[in-house]
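K.L.:
Mind having a look at this structure? Questions to follow.
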Amino acid sequence: MLLRKRPKPLPLRKLEVLIPRTPSYFSCLPDMQQDLAKRMTGYIGEKRVDYHLRSLAKKYTILHDVHLKLPYGNSIQIDSFILTPYAIFIIEIKNYKGTITFDTLLKQLIRDDGEKETGFKYPITQAENHQLHLENWLHDHHFANVPIRYFIAIADPGTIIKVEGDKQGIAKVVTHAEHLPQRILEIDAAYAQSNSANLPVKKISDAILSECEEFDIDILGKYGMTKEMILPGVGCPECGVLAMERQYANWKCRRCGKLSKDAHARALDVYFLLISDKVTNRECMWFLKINSRHLASRILKSYNLTYFQKGKYWTKKR
């Protein structure tokens, strides 16, 4: 059963809408664009692995993108979490092109894309840390002695995997995504044959779902931006330019002439995603570039928001 689908990550969604609203002269814009490309590559890789894991959904419980807070202030983010009657499998997903080399002595991952070599954090260490933290989390929630296995799933079937050092050790935990379901089935069958005790699958999955949060970061703070630096305006659904003006009951693009009755809705979505979960009439006027307080109030009311008289702001209905 697929209990939790993979959402598009919040940092990725934020970058997608922030970059078009970032001044071209902003010094961190190239870094933002590079970060967007990396996050999109990672997300595409995760979806590719999800496709292969679908075959296990009828037999096992699957949760994607599990983010749990830990009692000592840290958190763990598990790309995919598979719960069987006998064990938990945590999947760390990597999407690299070219050749990757696992150096088991120096504990480093090296990628060669044909142009240069780049070093990355060792995913085995990352998975081992997730395993340890998850064991502690389960223990704190009164689930003791739960077998936990991990895999490093390589999303791109064309990626060449090499090893410097312990080849057998790496082969046990690293695999291309297409081989992952069979590997899990084989290990789970071995647990079943060893008369392992059945796990309380529903109780564990319910506990995880109740505490699972969506991973997020302060995207403005990361790049040293303030909300005042964000380019305001209503984006045209046709050409994408922030060039729509309010004309009677419509928005009209100054560039391509496109008309829209509800183009403001997407702009408000961006506001709530990037800036705040609250908006005043004045802030709405600034962000939509309108000069009527009454128009701002009508627009916010039509957006299905709740108005709080005490603070004089609107917010999404809970």
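Note on naming: chains are A, B, ... as they come in the structure tokens, residues start from 1 per chain, ligands start from 1 in the order shown.
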Can you list, as an MDAnalysis selection string, every residue of range 143-316 of chain A that DSSP puts in strand (DSSP E)?

P.N.:
chainID A and resid 148:154 160:164 174:176 244:247 250:253 259:260 278:279 305:308 313:316

K.L.:
Dump C-alpha atoms for the selected residues as a short mmCIF file (atom, residue, chain, number, x, y, z; two decimals), in the first residue's frame?

P.N.:
```cif
data_model
loop_
_atom_site.label_atom_id
_atom_site.label_comp_id
_atom_site.auth_asym_id
_atom_site.auth_seq_id
_atom_site.Cartn_x
_atom_site.Cartn_y
_atom_site.Cartn_z
CA ILE A 148 16.32 -2.01 9.48
CA ARG A 149 18.11 -2.48 6.16
CA TYR A 150 19.21 0.25 3.78
CA PHE A 151 19.92 0.52 0.08
CA ILE A 152 21.53 3.16 -2.10
CA ALA A 153 19.41 3.25 -5.24
CA ILE A 154 21.06 4.60 -8.40
CA ILE A 160 28.41 3.08 -14.32
CA ILE A 161 29.18 1.96 -10.77
CA LYS A 162 32.79 1.30 -9.76
CA VAL A 163 34.33 0.42 -6.41
CA GLU A 164 37.75 1.03 -4.93
CA VAL A 174 24.16 -0.35 -3.79
CA THR A 175 22.01 -1.20 -6.81
CA HIS A 176 20.39 0.31 -9.87
CA MET A 244 -0.33 42.12 -16.14
CA GLU A 245 -2.47 45.14 -15.29
CA ARG A 246 -5.93 45.19 -13.80
CA GLN A 247 -8.50 46.40 -16.35
CA ASN A 250 -9.72 41.23 -16.05
CA TRP A 251 -5.95 41.17 -16.00
CA LYS A 252 -4.31 42.16 -19.28
CA CYS A 253 -0.68 41.50 -20.19
CA LEU A 259 -6.57 38.42 -20.81
CA SER A 260 -7.22 36.51 -17.60
CA LYS A 278 -0.57 36.03 6.31
CA VAL A 279 -1.29 38.98 4.05
CA LEU A 305 -9.16 33.40 2.85
CA THR A 306 -10.19 34.15 6.43
CA TYR A 307 -9.94 37.71 7.72
CA PHE A 308 -8.79 38.36 11.28
CA TYR A 313 -4.76 40.37 8.00
CA TRP A 314 -5.96 37.52 5.83
CA THR A 315 -4.80 33.93 6.03
CA LYS A 316 -5.67 30.57 4.52
#
```

K.L.:
Can you pull out every residue within 10 Å of Thr22 in chain A, counting only C-alpha atoms, but drop anything in the same chain fewer than 2 positions away, and send it as a list in words?

P.N.:
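After dropping sequence-adjacent residues, the list is Val17, Leu18, Ile19, Pro20, Ser24, Tyr25, Phe26, Cys28, Leu29, Met32, Met225, Met229, Ile230, Leu231 and Pro232 of chain A.
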
K.L.:
Running DSSP on the backbone, which parts of range 38-227 of chain A land in alpha helix (DSSP H), as a ChimeraX atom specification?

P.N.:
/A:38-53,123-140,167-173,180-193,201-211,219-222

K.L.:
From the list A:Pro200, A:Gly45, A:Gly235, A:Pro85, which residue is nearest His142 in chain A when using only C-alpha atoms?

P.N.:
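Closest candidate: A:Pro200.
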
K.L.:
Would you mind listing what lies within 12 Å of Asp31 in chain A as an NGL selection string, with only C-alpha atoms counted and same-chain residues fewer than 4 positions away left out?

P.N.:
:A and (15 or 19 or 26-27 or 35-38 or 222-224)

K.L.:
Identify, on the basis of only C-alpha atoms, every residue whose closest approach to Thr104 in chain A does not exceed 9 Å; exclude the query and any residue fewer than 3 positions from it along the same chain; express the result as a list in words.

P.N.:
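Counting only C-alpha atoms, the residues come to Lys107, Gln108, Leu109, Tyr122, Val163, Glu164, Gly165, Asp166, Lys167, Gly169 and Ile170 of chain A.
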
K.L.:
Using only C-alpha atoms for the distances, tell me which of A:Lys310, A:Phe102, A:Ser302, A:Phe272 is nearest to Gln168 in chain A.

P.N.:
A:Phe102

K.L.:
CA of Asn281 in chain A and CA of Arg255 in chain A, how far apart in Å?

P.N.:
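Between these atoms lies a distance of 26.9 Å.
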
K.L.:
Counting only C-alpha atoms, what is within 12 Å of Gly73 in chain A, bar same-chain residues fewer than 4 positions away, as a ChimeraX atom specification?

P.N.:
/A:68-69,133

K.L.:
Quick one: residues within 10 Å of Ile208 in chain A, only C-alpha atoms counted, chain neighbours fewer than 2 positions away excluded, as a PDB file with C-alpha atoms, in the first residue's frame?

P.N.:
```pdb
ATOM      1  CA  LEU A  63       6.014   5.953   2.267  1.00  0.00           C
ATOM      2  CA  VAL A  66       9.697  10.754   5.132  1.00  0.00           C
ATOM      3  CA  HIS A  67      10.936  13.665   7.243  1.00  0.00           C
ATOM      4  CA  LEU A  68      10.935  13.110  11.003  1.00  0.00           C
ATOM      5  CA  TRP A 137      13.114   7.112  16.892  1.00  0.00           C
ATOM      6  CA  LEU A 138      11.379   3.725  16.831  1.00  0.00           C
ATOM      7  CA  HIS A 141       7.966   5.303  20.171  1.00  0.00           C
ATOM      8  CA  LYS A 202      -0.077  -0.490  10.885  1.00  0.00           C
ATOM      9  CA  LYS A 203       1.008   0.913  14.245  1.00  0.00           C
ATOM     10  CA  ILE A 204       4.466   1.818  12.931  1.00  0.00           C
ATOM     11  CA  SER A 205       3.139   3.365   9.709  1.00  0.00           C
ATOM     12  CA  ASP A 206       0.472   5.329  11.633  1.00  0.00           C
ATOM     13  CA  SER A 210       1.351  11.291  12.385  1.00  0.00           C
ATOM     14  CA  GLU A 211       4.796  12.872  12.823  1.00  0.00           C
ATOM     15  CA  CYS A 212       5.970  13.095   9.220  1.00  0.00           C
ATOM     16  CA  GLU A 213       6.538  16.674   8.081  1.00  0.00           C
TER      17      GLU A 213
END
```

K.L.:
Which residue gives the smallest distance to Leu242 in chain A among A:Gln34, A:Arg21, A:Tyr303, A:Asp156, with only C-alpha atoms counted?

P.N.:
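Using only C-alpha atoms, Leu242 in chain A sits closest to A:Arg21.
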
K.L.:
Contacts of range 177-184 of chain A at 7 Å or less, counting only C-alpha atoms, minus same-chain residues fewer than 2 places along, as a ChimeraX atom specification?

P.N.:
/A:49,52-53,56,153-155,175,186-188

K.L.:
Just checking: using only C-alpha atoms, which residue out of A:Thr84, A:Val173, A:Ile299, A:Trp286 ends up closest to Ile124 in chain A?

P.N.:
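Using only C-alpha atoms, the shortest distance to Ile124 in chain A belongs to A:Val173.
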
K.L.:
Return the single residue from A:Asp277, A:Asp103, A:Glu92, A:Asp140 that is closest to Ile76 in chain A, with distances computed using only C-alpha atoms.

P.N.:
A:Glu92

K.L.:
May I ask for the distance between CA of Leu70 in chain A and CA of Asn198 in chain A, given in Å to one decimal place?

P.N.:
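Straight-line distance from CA of Leu70 in chain A to CA of Asn198 in chain A works out to 25.8 Å.
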